[in-house]
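This is my_file.txt (compact mmCIF, C-alpha atoms).
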# COMPACT_ATOMS: atom_id res chain seq x y z
CA MET W 18 2.20 -14.70 -35.23
CA ARG W 19 -0.19 -12.44 -33.37
CA PRO W 20 1.48 -10.49 -30.56
CA ALA W 21 0.70 -11.77 -27.08
CA GLU W 22 -2.08 -10.03 -25.19
CA PRO W 23 -0.64 -7.63 -22.61
CA VAL W 24 -0.86 -8.75 -18.99
CA THR W 25 -1.88 -5.87 -16.75
CA GLY W 26 -0.42 -5.60 -13.29
CA LEU W 27 -1.85 -3.50 -10.46
CA ILE W 28 0.59 -1.98 -7.94
CA LEU W 29 -0.92 -0.85 -4.63
CA SER W 30 1.69 0.87 -2.51
CA GLY W 31 1.72 1.15 1.26
CA GLY W 32 0.81 4.00 3.54
CA GLY W 33 -1.47 3.04 6.43
CA ALA W 34 -4.78 4.90 6.29
CA ARG W 35 -3.63 6.63 3.10
CA ALA W 36 -4.47 3.39 1.28
CA ALA W 37 -8.14 4.45 1.35
CA TYR W 38 -7.25 6.58 -1.69
CA GLN W 39 -6.58 3.39 -3.67
CA VAL W 40 -10.15 2.22 -3.07
CA GLY W 41 -11.55 5.34 -4.73
CA VAL W 42 -9.35 4.80 -7.78
CA LEU W 43 -10.48 1.18 -8.08
CA ALA W 44 -14.13 2.22 -7.64
CA ALA W 45 -13.77 4.63 -10.58
CA ILE W 46 -12.22 1.89 -12.71
CA ALA W 47 -15.15 -0.37 -11.86
CA GLU W 48 -17.47 2.38 -13.14
CA LEU W 49 -15.56 2.53 -16.44
CA LEU W 50 -15.78 -1.21 -17.04
CA PRO W 51 -18.78 -2.64 -18.87
CA ALA W 52 -21.40 -4.39 -16.77
CA GLY W 53 -20.30 -7.85 -15.68
CA ALA W 54 -16.70 -7.28 -16.79
CA ALA W 55 -14.03 -9.61 -15.45
CA ASN W 56 -11.16 -8.50 -13.26
CA PRO W 57 -8.92 -6.31 -15.49
CA PHE W 58 -5.80 -6.99 -13.40
CA PRO W 59 -4.48 -10.57 -13.76
CA VAL W 60 -1.49 -9.65 -11.55
CA ILE W 61 -2.08 -7.77 -8.28
CA VAL W 62 0.75 -6.69 -5.99
CA GLY W 63 0.41 -4.87 -2.68
CA THR W 64 2.62 -3.60 0.11
CA SER W 65 1.71 -2.57 3.66
CA ALA W 66 -1.95 -1.44 3.78
CA GLY W 67 -1.91 -1.81 0.01
CA ALA W 68 -1.38 -5.55 0.61
CA ILE W 69 -4.73 -5.71 2.41
CA ASN W 70 -6.42 -4.02 -0.54
CA ALA W 71 -4.60 -6.28 -2.99
CA VAL W 72 -5.59 -9.53 -1.31
CA SER W 73 -9.15 -8.35 -0.75
CA LEU W 74 -9.45 -7.57 -4.46
CA ALA W 75 -7.77 -10.82 -5.48
CA SER W 76 -10.05 -12.92 -3.27
CA GLY W 77 -13.05 -11.38 -5.04
CA ALA W 78 -11.56 -11.30 -8.54
CA SER W 79 -14.29 -13.56 -9.88
CA ASP W 80 -16.70 -10.63 -9.41
CA PHE W 81 -14.67 -7.43 -9.70
CA SER W 82 -17.54 -4.99 -9.17
CA ALA W 83 -18.76 -6.77 -6.04
CA ALA W 84 -15.21 -6.94 -4.68
CA ILE W 85 -14.83 -3.18 -5.08
CA GLN W 86 -18.15 -2.57 -3.34
CA ARG W 87 -17.06 -4.69 -0.37
CA LEU W 88 -13.70 -2.93 -0.21
CA THR W 89 -15.35 0.50 -0.33
CA SER W 90 -17.77 -0.43 2.44
CA PHE W 91 -14.84 -1.79 4.46
CA TRP W 92 -12.94 1.52 4.37
CA GLN W 93 -15.94 3.83 4.65
CA GLY W 94 -16.93 2.14 7.89
CA PHE W 95 -13.50 2.30 9.48
CA ARG W 96 -12.91 3.29 13.09
CA SER W 97 -9.54 3.42 14.81
CA HIS W 98 -10.52 0.80 17.40
CA GLN W 99 -10.91 -1.74 14.56
CA VAL W 100 -7.21 -1.38 13.70
CA LEU W 101 -5.52 -0.61 17.01
CA ARG W 102 -6.27 -0.26 20.70
CA SER W 103 -7.49 3.33 20.98
CA ASP W 104 -9.05 3.21 24.46
CA TRP W 105 -7.29 4.81 27.43
CA SER W 106 -6.24 1.54 29.08
CA GLY W 107 -5.03 0.02 25.81
CA VAL W 108 -3.01 3.08 24.80
CA MET W 109 -1.43 3.61 28.22
CA ARG W 110 -0.63 -0.07 28.74
CA GLN W 111 1.06 -0.34 25.34
CA ALA W 112 3.02 2.88 25.86
CA SER W 113 4.19 1.65 29.27
CA ARG W 114 5.29 -1.70 27.85
CA PHE W 115 7.20 0.07 25.09
CA LEU W 116 8.98 2.31 27.59
CA ILE W 117 9.80 -0.47 30.05
CA HIS W 118 10.81 -3.15 27.55
CA SER W 119 12.20 -1.34 24.51
CA LEU W 120 13.87 1.63 26.20
CA LEU W 121 14.80 0.28 29.63
CA GLY W 122 15.35 -3.36 28.63
CA LEU W 123 13.05 -4.73 31.30
CA GLY W 124 10.18 -7.20 31.07
CA ALA W 125 9.36 -10.14 28.80
CA GLN W 126 11.18 -10.48 25.48
CA VAL W 127 8.16 -10.06 23.24
CA PRO W 128 7.72 -7.79 20.21
CA VAL W 129 6.60 -4.43 21.53
CA ALA W 130 5.59 -1.34 19.59
CA LEU W 131 4.11 2.05 20.37
CA LEU W 132 0.64 0.93 19.28
CA ASN W 133 -1.29 -2.30 19.79
CA SER W 134 -2.63 -3.51 16.43
CA SER W 135 -4.22 -6.75 17.67
CA PRO W 136 -7.76 -5.61 16.65
CA LEU W 137 -6.64 -5.60 13.00
CA ARG W 138 -5.99 -9.35 13.10
CA GLU W 139 -9.54 -10.01 14.30
CA LEU W 140 -10.97 -7.66 11.66
CA LEU W 141 -9.12 -9.31 8.78
CA GLN W 142 -9.99 -12.82 9.95
CA GLU W 143 -13.63 -11.80 10.08
CA ARG W 144 -13.84 -9.90 6.78
CA LEU W 145 -11.51 -11.67 4.35
CA ASN W 146 -12.25 -14.91 2.53
CA LEU W 147 -8.82 -15.97 1.30
CA ASP W 148 -10.24 -19.13 -0.26
CA GLY W 149 -11.53 -16.85 -3.00
CA ILE W 150 -7.98 -16.47 -4.32
CA ASP W 151 -7.76 -20.13 -5.36
CA GLU W 152 -11.23 -19.92 -6.88
CA ALA W 153 -10.31 -16.84 -8.92
CA ILE W 154 -7.11 -18.51 -10.14
CA ARG W 155 -8.97 -21.70 -11.04
CA ARG W 156 -11.51 -19.70 -13.07
CA GLN W 157 -8.66 -17.77 -14.73
CA HIS W 158 -9.85 -14.44 -13.36
CA LEU W 159 -6.49 -14.02 -11.63
CA GLN W 160 -2.96 -15.00 -12.54
CA ALA W 161 -1.17 -14.13 -9.31
CA VAL W 162 -1.37 -11.96 -6.20
CA ALA W 163 1.58 -10.97 -4.04
CA VAL W 164 2.40 -9.08 -0.85
CA THR W 165 5.81 -7.92 0.30
CA ALA W 166 7.22 -7.94 3.84
CA PHE W 167 10.63 -7.06 5.24
CA GLY W 168 12.69 -9.66 7.11
CA TYR W 169 14.37 -8.13 10.16
CA GLU W 170 17.13 -10.76 10.35
CA SER W 171 17.78 -11.38 6.67
CA GLY W 172 17.43 -7.72 5.70
CA GLN W 173 15.53 -8.82 2.58
CA ALA W 174 12.31 -7.62 1.03
CA VAL W 175 10.41 -10.89 0.63
CA THR W 176 7.51 -11.04 -1.82
CA PHE W 177 5.10 -13.85 -0.92
CA TYR W 178 3.00 -14.76 -3.94
CA GLN W 179 0.15 -17.10 -4.75
CA GLY W 180 -0.54 -17.90 -8.37
CA GLY W 181 -1.54 -20.43 -10.96
CA GLY W 182 0.68 -22.42 -13.31
CA THR W 183 4.44 -22.30 -12.95
CA ILE W 184 5.81 -19.02 -11.67
CA ASP W 185 9.51 -19.21 -10.93
CA ALA W 186 10.75 -17.82 -7.65
CA TRP W 187 13.35 -15.09 -7.96
CA LEU W 188 16.43 -13.94 -6.11
CA ARG W 189 17.85 -10.47 -6.50
CA HIS W 190 19.94 -8.24 -4.27
CA ARG W 191 18.00 -7.82 -1.00
CA ARG W 192 14.73 -8.99 -2.58
CA ILE W 193 13.33 -12.45 -3.23
CA GLY W 194 10.07 -14.03 -4.34
CA VAL W 195 8.61 -16.97 -2.42
CA PRO W 196 5.53 -18.98 -3.50
CA THR W 197 3.10 -19.61 -0.66
CA GLN W 198 -0.53 -19.84 0.39
CA LEU W 199 -1.31 -16.33 1.60
CA THR W 200 -2.78 -15.90 5.08
CA VAL W 201 -3.85 -13.06 7.34
CA GLU W 202 -0.41 -13.28 8.99
CA HIS W 203 1.25 -12.26 5.73
CA LEU W 204 -0.95 -9.17 5.58
CA LEU W 205 -0.23 -8.26 9.19
CA ALA W 206 3.50 -8.66 8.58
CA SER W 207 3.42 -6.55 5.42
CA SER W 208 1.55 -3.73 7.19
CA ALA W 209 3.54 -3.71 10.45
CA ILE W 210 5.01 -0.19 10.32
CA PRO W 211 8.33 -0.26 12.25
CA LEU W 212 8.11 0.95 15.87
CA LEU W 213 4.41 1.75 15.50
CA PHE W 214 3.19 -1.86 15.05
CA ALA W 215 4.84 -5.03 16.32
CA PRO W 216 6.62 -7.34 13.83
CA VAL W 217 4.95 -10.62 12.88
CA LYS W 218 6.65 -14.01 12.84
CA LEU W 219 6.42 -15.98 9.59
CA GLY W 220 8.26 -19.28 9.78
CA GLN W 221 11.54 -18.70 11.60
CA GLU W 222 11.82 -14.94 11.06
CA TYR W 223 10.06 -11.79 12.20
CA PHE W 224 8.79 -9.51 9.45
CA GLY W 225 7.70 -5.91 9.27
CA ASP W 226 6.30 -3.46 6.78
CA GLY W 227 7.20 -4.42 3.22
CA ALA W 228 8.00 -0.87 2.20
CA VAL W 229 11.17 -0.96 4.31
CA ARG W 230 14.11 -1.39 1.93
CA GLN W 231 11.81 -2.27 -0.96
CA SER W 232 14.05 -0.80 -3.63
CA ALA W 233 11.97 -1.96 -6.61
CA PRO W 234 8.22 -1.96 -5.78
CA ILE W 235 7.19 -2.57 -9.41
CA SER W 236 9.55 -5.51 -9.94
CA PRO W 237 7.36 -8.25 -8.33
CA ALA W 238 4.56 -7.59 -10.83
CA LEU W 239 6.99 -8.05 -13.72
CA HIS W 240 8.33 -11.28 -12.21
CA LEU W 241 4.74 -12.53 -11.97
CA GLY W 242 4.16 -11.95 -15.68
CA ALA W 243 2.84 -8.39 -16.01
CA SER W 244 3.84 -6.55 -19.19
CA ARG W 245 2.22 -3.24 -18.26
CA VAL W 246 1.42 -1.79 -14.83
CA LEU W 247 -1.07 0.57 -13.26
CA VAL W 248 0.47 2.17 -10.17
CA VAL W 249 -1.79 3.72 -7.54
CA GLY W 250 0.39 5.87 -5.33
CA VAL W 251 -0.32 7.70 -2.09
CA SER W 252 1.86 10.74 -2.73
CA GLY W 253 0.79 13.91 -4.50
CA ASN W 254 4.17 14.04 -6.23
CA PRO W 255 4.56 10.65 -7.99
CA ARG W 256 7.33 11.66 -10.38
CA GLY W 257 9.28 14.16 -8.34
CA ASN W 258 8.13 17.04 -10.54
CA GLU W 259 6.81 19.29 -7.83
CA PRO W 260 6.83 22.84 -9.19
CA SER W 261 9.21 25.31 -7.67
CA VAL W 262 7.32 27.59 -5.28
CA GLN W 263 8.33 30.25 -2.82
CA ARG W 264 8.30 28.70 0.64
CA THR W 265 7.87 30.42 3.96
CA TYR W 266 10.13 29.06 6.71
CA THR W 267 9.34 29.41 10.41
CA GLY W 268 12.87 28.75 11.68
CA GLN W 269 11.45 26.49 14.40
CA GLN W 270 12.92 23.13 15.33
CA PRO W 271 11.03 20.16 13.83
CA THR W 272 8.70 18.24 16.11
CA LEU W 273 9.06 14.49 16.63
CA ALA W 274 5.97 13.98 14.48
CA GLN W 275 7.40 16.13 11.70
CA ILE W 276 10.58 14.06 11.70
CA GLY W 277 8.53 10.86 11.80
CA GLY W 278 6.39 12.03 8.90
CA HIS W 279 9.44 12.53 6.70
CA MET W 280 10.79 9.12 7.71
CA LEU W 281 7.48 7.47 6.83
CA ASN W 282 7.36 9.28 3.50
CA SER W 283 10.90 8.10 2.80
CA THR W 284 9.83 4.53 3.53
CA PHE W 285 6.53 4.44 1.68
CA ILE W 286 6.89 6.93 -1.15
CA ASP W 287 10.46 7.63 -2.25
CA SER W 288 11.32 4.12 -3.48
CA LEU W 289 8.15 3.92 -5.57
CA GLU W 290 8.81 7.28 -7.21
CA SER W 291 12.41 6.26 -7.93
CA ASP W 292 11.32 2.93 -9.40
CA ILE W 293 8.82 4.63 -11.71
CA GLU W 294 11.52 7.02 -12.90
CA LEU W 295 13.97 4.15 -13.49
CA LEU W 296 11.39 2.14 -15.44
CA GLU W 297 10.57 5.11 -17.66
CA ARG W 298 14.27 5.61 -18.42
CA LEU W 299 14.63 1.93 -19.31
CA ASN W 300 11.63 2.30 -21.60
CA GLN W 301 13.34 5.21 -23.36
CA PHE W 302 16.52 3.15 -23.68
CA SER W 303 14.65 0.15 -25.11
CA ARG W 304 13.27 2.32 -27.91
CA VAL W 305 16.73 3.18 -29.24
CA VAL W 306 18.37 -0.26 -29.01
CA PRO W 307 17.95 -3.07 -31.57
CA VAL W 308 14.62 -4.92 -31.59
CA ASP W 309 16.30 -8.17 -30.51
CA ALA W 310 17.13 -6.53 -27.20
CA ALA W 311 13.52 -7.05 -26.13
CA VAL W 312 14.29 -10.76 -25.93
CA GLN W 313 17.00 -9.95 -23.38
CA GLY W 314 14.53 -8.33 -20.98
CA LEU W 315 14.52 -4.78 -22.32
CA ALA W 316 11.01 -4.79 -23.73
CA PRO W 317 9.27 -1.54 -22.73
CA VAL W 318 6.78 -1.73 -19.87
CA GLU W 319 3.90 0.71 -20.14
CA VAL W 320 3.25 2.51 -16.85
CA LEU W 321 0.18 4.49 -15.85
CA VAL W 322 0.37 6.33 -12.52
CA ILE W 323 -2.59 7.65 -10.56
CA ALA W 324 -1.75 9.64 -7.43
CA PRO W 325 -3.48 12.19 -5.18
CA SER W 326 -4.06 15.60 -6.71
CA GLN W 327 -4.26 17.16 -3.24
CA PRO W 328 -1.80 17.01 -0.31
CA ILE W 329 -2.96 14.16 1.92
CA ASP W 330 -1.31 15.75 4.96
CA GLU W 331 -3.67 18.71 4.68
CA ILE W 332 -6.69 16.42 4.42
CA ALA W 333 -5.55 14.57 7.56
CA ALA W 334 -5.12 17.84 9.43
CA ARG W 335 -8.75 18.76 8.73
CA HIS W 336 -9.93 15.45 10.25
CA ARG W 337 -7.62 15.29 13.30
CA GLN W 338 -10.53 15.76 15.71
CA GLU W 339 -11.95 12.40 14.57
CA LEU W 340 -9.08 10.62 16.30
CA PRO W 341 -10.16 8.99 19.60
CA ALA W 342 -9.32 11.11 22.65
CA ALA W 343 -6.74 8.69 24.06
CA LEU W 344 -4.78 8.55 20.79
CA ARG W 345 -5.12 12.30 20.33
CA VAL W 346 -3.55 12.96 23.73
CA PHE W 347 -0.89 10.31 23.12
CA LEU W 348 0.13 11.86 19.79
CA ARG W 349 -0.20 15.48 20.87
CA GLY W 350 3.11 15.57 22.68
CA ALA W 351 4.95 14.46 19.56
CA GLY W 352 3.23 17.19 17.55
CA ALA W 353 1.15 14.86 15.37
CA THR W 354 -2.05 16.80 16.00
CA LYS W 355 -0.47 20.01 14.69
CA THR W 356 -0.59 20.91 11.01
CA SER W 357 3.20 20.53 10.73
CA GLY W 358 2.99 16.97 12.10
CA ALA W 359 0.00 15.84 10.07
CA GLY W 360 2.26 13.56 8.02
CA VAL W 361 2.25 10.96 10.79
CA LEU W 362 -1.47 11.51 11.36
CA SER W 363 -2.20 10.79 7.68
CA TYR W 364 -0.91 7.24 8.16
CA LEU W 365 -2.79 6.53 11.41
CA LEU W 366 -6.16 8.26 11.00
CA PHE W 367 -8.34 5.18 10.51
CA GLU W 368 -11.62 7.07 10.78
CA ALA W 369 -14.62 7.12 8.44
CA GLY W 370 -14.58 10.84 7.61
CA TYR W 371 -10.92 10.91 6.61
CA CYS W 372 -11.05 7.61 4.72
CA SER W 373 -14.24 8.60 2.89
CA GLU W 374 -12.67 11.87 1.72
CA LEU W 375 -9.64 9.97 0.43
CA ILE W 376 -11.90 7.51 -1.38
CA GLU W 377 -13.77 10.34 -3.07
CA LEU W 378 -10.50 12.03 -4.02
CA GLY W 379 -9.25 8.79 -5.55
CA ARG W 380 -12.45 8.40 -7.53
CA LYS W 381 -12.26 11.96 -8.87
CA ASP W 382 -8.57 11.67 -9.76
CA ALA W 383 -9.17 8.42 -11.64
CA LEU W 384 -12.19 9.78 -13.52
CA ALA W 385 -10.10 12.81 -14.48
CA LYS W 386 -7.86 10.30 -16.28
CA ARG W 387 -10.79 8.49 -17.85
CA GLU W 388 -9.34 8.59 -21.36
CA GLU W 389 -5.91 7.38 -20.25
CA ILE W 390 -7.38 4.51 -18.23
CA THR W 391 -9.72 3.53 -21.06
CA ARG W 392 -6.85 3.41 -23.54
CA PHE W 393 -4.51 1.66 -21.07
CA LEU W 394 -6.99 -1.14 -20.31
CA GLY W 395 -8.16 -1.40 -23.91
CA LEU W 396 -11.75 -0.49 -23.07
CA THR W 397 -14.36 0.74 -25.52
CA PRO W 398 -15.07 4.43 -24.76
CA ASN W 399 -18.59 5.05 -23.48
Reformat the file's structure so that it appears as structure tokens.
Amino acid sequence: MRPAEPVTGLILSGGGARAAYQVGVLAAIAELLPAGAANPFPVIVGTSAGAINAVSLASGASDFSAAIQRLTSFWQGFRSHQVLRSDWSGVMRQASRFLIHSLLGLGAQVPVALLNSSPLRELLQERLNLDGIDEAIRRQHLQAVAVTAFGYESGQAVTFYQGGGTIDAWLRHRRIGVPTQLTVEHLLASSAIPLLFAPVKLGQEYFGDGAVRQSAPISPALHLGASRVLVVGVSGNPRGNEPSVQRTYTGQQPTLAQIGGHMLNSTFIDSLESDIELLERLNQFSRVVPVDAAVQGLAPVEVLVIAPSQPIDEIAARHRQELPAALRVFLRGAGATKTSGAGVLSYLLFEAGYCSELIELGRKDALAKREEITRFLGLTPN
């Protein structure tokens, strides 16, 4: 019997505005594909802002190159006011509501966050054609697409997936898979960063950013049938192998933004890096056990990781003046407009200059791995 053709999964991690980097990587892959090539990723999984990229790509999977062009145009034209209220009245009103309701316990019992992300709902409803997912599945250009959100009451990471054929739901510790027809609400829930953006109600439960307590970001792709995965990260240190360097310490207390930046990195980056490391160790183990063990779920899973070659925090710091004045003043007190607090800024800087630089960085990083990508996807070298 001929071995089964590998099923390639695409993992797009979260990270707010950092997800622009993923678009550059995908644009480079589109350049490497032959003209008119079909979607090379039958399984697409996204979390947080990566969920928006994932569903956008899946809805256009019948024409991969055109889908990438639309996604690139989408991010290159970004302005903060398209994602959140960045005008003076919007920022001050939301901050006041957060103070009065969340800290003092006064006012209406409605989900309140530091920032008002209502413009994002209008943008996604206007730009996304989710009917394209069913069309891509029907034409066998897509096997499944999934987004993950975190349930605040259940404490579970819930992966909502839409696919063809019979894909069994799964139940693991603190993570489950649920078949559904994906909507804009699922994307808003998956990208609702805790405290910054309000949670979104799906069914009977409120959900927030899928990266929260997502202990195994690669697992949903494997449940959906992927046998090898391409992971596009948003950290410059995807495997925890940062070289030892001599650091200079200021001895100053951390700012609120600096603390927040580390918390966001812990949410969006650490679990992905740990999952990659675990999968690689399992691959090593599977190579030394009997062949029959593959039948028991220990078959090796090839992993290719593409991640930023430059510190994204530093890129964000160079573009901080692009932030609208009201947001800049609002974030200044927490230290987010300082170089030391640029970690938070890197997640919230939805501006064309910053996003375009991340896209170009992603493209260059992917093309630098041209040979690896070509071999991984089984392409004919140009």
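Atom CA of Ile184 of chain W is positioned 13.0 Å from atom CA of Ile154 of chain W.
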Box along x, y and z, 6 Å on every side, all listed atoms of segment 365-375 of chain W inside: centre and edge lengths in Å to one decimal, as AutoDock Vina command-line options.
--center_x -8.7 --center_y 8.5 --center_z 5.9 --size_x 23.8 --size_y 18.7 --size_z 23.0
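You will find atom CA of Arg192 of chain W at 5.2 Å from atom CA of Gln173 of chain W.
The smallest atom-to-atom distance between Trp105 of chain W and any of W:Leu241, W:Leu344, W:Val40, W:Ile46, using all atoms listed in the file, is found for W:Leu344.
Among W:Arg110, W:His98, W:Arg189, W:Arg35, the residue with the shortest atom-to-atom distance to His240 of chain W, counting only C-alpha atoms, is W:Arg189.
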Query raised in the report: Counting only C-alpha atoms, what is within 7 Å of segment 54-61 of chain W, bar same-chain residues fewer than 4 positions away, as a VMD selection string?
Result: chain W and resid 24 to 28 50 71 78 to 81 158 to 163 238 241 243
**Report entry** atom CA of Gln39 of chain W to atom CA of Ala383 of chain W, distance in Å rounded to a single decimal
**Finding:** 9.8 Å
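Counting all atoms listed in the file, the residue from W:Ala34, W:Leu204, W:Val100, W:Leu321 that sits nearest to Gly227 of chain W is W:Leu204.
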Requested in this report: Show which residues sit within 12 Å of Pro136 of chain W, as number ranges by chain. Count only C-alpha atoms, and ignore same-chain residues fewer than 5 positions away.
Outcome: W: 96-104, 107, 141-143, 205, 214
Requested in this report: Have a look at W:Val195, W:Ile329, W:Leu362, W:Leu378 and name the one nearest to Val175 of chain W; count all atoms listed in the file.
Outcome: W:Val195
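Minimum distance to Pro196 of chain W across W:Val164, W:Ala112, W:Ala215, W:Leu140 (counting all atoms listed in the file) occurs at W:Val164.
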Query raised in the report: Of the residues W:Glu368, W:Glu222, W:Glu139, W:Glu22, which is the one nearest to Ala166 of chain W, using all atoms listed in the file?
Result: W:Glu222
Requested in this report: Up to 12 Å from (4.6, -19.3, 11.2) in the file's coordinates: name the residues, counting all atoms listed in the file, as a PyMOL selection string.
Outcome: chain W and resi 197-203+206+217-224
Take the structure in the block and write a file for segment 223-231 of chain W, all heavy atoms, as a PDB file, in the first residue's frame.
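So decode27.pdb came out as:
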ATOM      1  N   TYR W 223     -19.606  33.387  28.494  1.00  0.00           N
ATOM      2  CA  TYR W 223     -18.745  34.445  27.972  1.00  0.00           C
ATOM      3  C   TYR W 223     -17.357  33.883  27.709  1.00  0.00           C
ATOM      4  O   TYR W 223     -16.812  33.121  28.512  1.00  0.00           O
ATOM      5  CB  TYR W 223     -18.655  35.607  28.960  1.00  0.00           C
ATOM      6  CG  TYR W 223     -19.819  36.575  28.858  1.00  0.00           C
ATOM      7  CD1 TYR W 223     -20.902  36.473  29.722  1.00  0.00           C
ATOM      8  CD2 TYR W 223     -19.832  37.568  27.885  1.00  0.00           C
ATOM      9  CE1 TYR W 223     -21.984  37.353  29.633  1.00  0.00           C
ATOM     10  CE2 TYR W 223     -20.897  38.458  27.780  1.00  0.00           C
ATOM     11  CZ  TYR W 223     -21.959  38.343  28.655  1.00  0.00           C
ATOM     12  OH  TYR W 223     -23.015  39.216  28.561  1.00  0.00           O
ATOM     13  N   PHE W 224     -16.794  34.300  26.572  1.00  0.00           N
ATOM     14  CA  PHE W 224     -15.479  33.807  26.170  1.00  0.00           C
ATOM     15  C   PHE W 224     -14.515  34.968  25.967  1.00  0.00           C
ATOM     16  O   PHE W 224     -14.917  36.092  25.644  1.00  0.00           O
ATOM     17  CB  PHE W 224     -15.577  33.015  24.862  1.00  0.00           C
ATOM     18  CG  PHE W 224     -16.198  31.655  25.011  1.00  0.00           C
ATOM     19  CD1 PHE W 224     -17.579  31.503  25.009  1.00  0.00           C
ATOM     20  CD2 PHE W 224     -15.400  30.527  25.159  1.00  0.00           C
ATOM     21  CE1 PHE W 224     -18.160  30.252  25.149  1.00  0.00           C
ATOM     22  CE2 PHE W 224     -15.966  29.272  25.300  1.00  0.00           C
ATOM     23  CZ  PHE W 224     -17.344  29.126  25.293  1.00  0.00           C
ATOM     24  N   GLY W 225     -13.242  34.654  26.159  1.00  0.00           N
ATOM     25  CA  GLY W 225     -12.182  35.612  25.916  1.00  0.00           C
ATOM     26  C   GLY W 225     -11.087  35.010  25.070  1.00  0.00           C
ATOM     27  O   GLY W 225     -11.255  33.940  24.475  1.00  0.00           O
ATOM     28  N   ASP W 226      -9.968  35.684  25.023  1.00  0.00           N
ATOM     29  CA  ASP W 226      -8.878  35.310  24.140  1.00  0.00           C
ATOM     30  C   ASP W 226      -8.487  33.843  24.292  1.00  0.00           C
ATOM     31  O   ASP W 226      -8.251  33.355  25.400  1.00  0.00           O
ATOM     32  CB  ASP W 226      -7.660  36.189  24.424  1.00  0.00           C
ATOM     33  CG  ASP W 226      -6.676  36.183  23.289  1.00  0.00           C
ATOM     34  OD1 ASP W 226      -6.078  35.124  23.035  1.00  0.00           O
ATOM     35  OD2 ASP W 226      -6.514  37.226  22.632  1.00  0.00           O
ATOM     36  N   GLY W 227      -8.398  33.150  23.165  1.00  0.00           N
ATOM     37  CA  GLY W 227      -8.130  31.716  23.182  1.00  0.00           C
ATOM     38  C   GLY W 227      -6.774  31.325  23.688  1.00  0.00           C
ATOM     39  O   GLY W 227      -6.540  30.162  24.045  1.00  0.00           O
ATOM     40  N   ALA W 228      -5.830  32.273  23.739  1.00  0.00           N
ATOM     41  CA  ALA W 228      -4.494  31.937  24.214  1.00  0.00           C
ATOM     42  C   ALA W 228      -4.449  31.713  25.723  1.00  0.00           C
ATOM     43  O   ALA W 228      -3.509  31.113  26.233  1.00  0.00           O
ATOM     44  CB  ALA W 228      -3.509  33.047  23.828  1.00  0.00           C
ATOM     45  N   VAL W 229      -5.472  32.204  26.431  1.00  0.00           N
ATOM     46  CA  VAL W 229      -5.520  32.022  27.883  1.00  0.00           C
ATOM     47  C   VAL W 229      -5.709  30.538  28.200  1.00  0.00           C
ATOM     48  O   VAL W 229      -6.670  29.913  27.769  1.00  0.00           O
ATOM     49  CB  VAL W 229      -6.669  32.844  28.503  1.00  0.00           C
ATOM     50  CG1 VAL W 229      -6.740  32.613  30.014  1.00  0.00           C
ATOM     51  CG2 VAL W 229      -6.479  34.317  28.200  1.00  0.00           C
ATOM     52  N   ARG W 230      -4.783  29.974  28.903  1.00  0.00           N
ATOM     53  CA  ARG W 230      -4.827  28.573  29.341  1.00  0.00           C
ATOM     54  C   ARG W 230      -4.893  27.604  28.172  1.00  0.00           C
ATOM     55  O   ARG W 230      -5.375  26.475  28.321  1.00  0.00           O
ATOM     56  CB  ARG W 230      -5.998  28.338  30.303  1.00  0.00           C
ATOM     57  CG  ARG W 230      -5.917  29.199  31.541  1.00  0.00           C
ATOM     58  CD  ARG W 230      -6.962  28.829  32.563  1.00  0.00           C
ATOM     59  NE  ARG W 230      -6.634  27.554  33.203  1.00  0.00           N
ATOM     60  CZ  ARG W 230      -7.310  27.059  34.240  1.00  0.00           C
ATOM     61  NH1 ARG W 230      -8.346  27.719  34.727  1.00  0.00           N
ATOM     62  NH2 ARG W 230      -6.965  25.919  34.778  1.00  0.00           N
ATOM     63  N   GLN W 231      -4.409  28.010  27.011  1.00  0.00           N
ATOM     64  CA  GLN W 231      -4.318  27.074  25.890  1.00  0.00           C
ATOM     65  C   GLN W 231      -2.994  26.328  26.006  1.00  0.00           C
ATOM     66  O   GLN W 231      -1.962  26.747  25.495  1.00  0.00           O
ATOM     67  CB  GLN W 231      -4.396  27.808  24.542  1.00  0.00           C
ATOM     68  CG  GLN W 231      -4.515  26.852  23.356  1.00  0.00           C
ATOM     69  CD  GLN W 231      -4.544  27.596  22.034  1.00  0.00           C
ATOM     70  OE1 GLN W 231      -3.974  28.664  21.909  1.00  0.00           O
ATOM     71  NE2 GLN W 231      -5.205  27.026  21.046  1.00  0.00           N
TER      72      GLN W 231
END
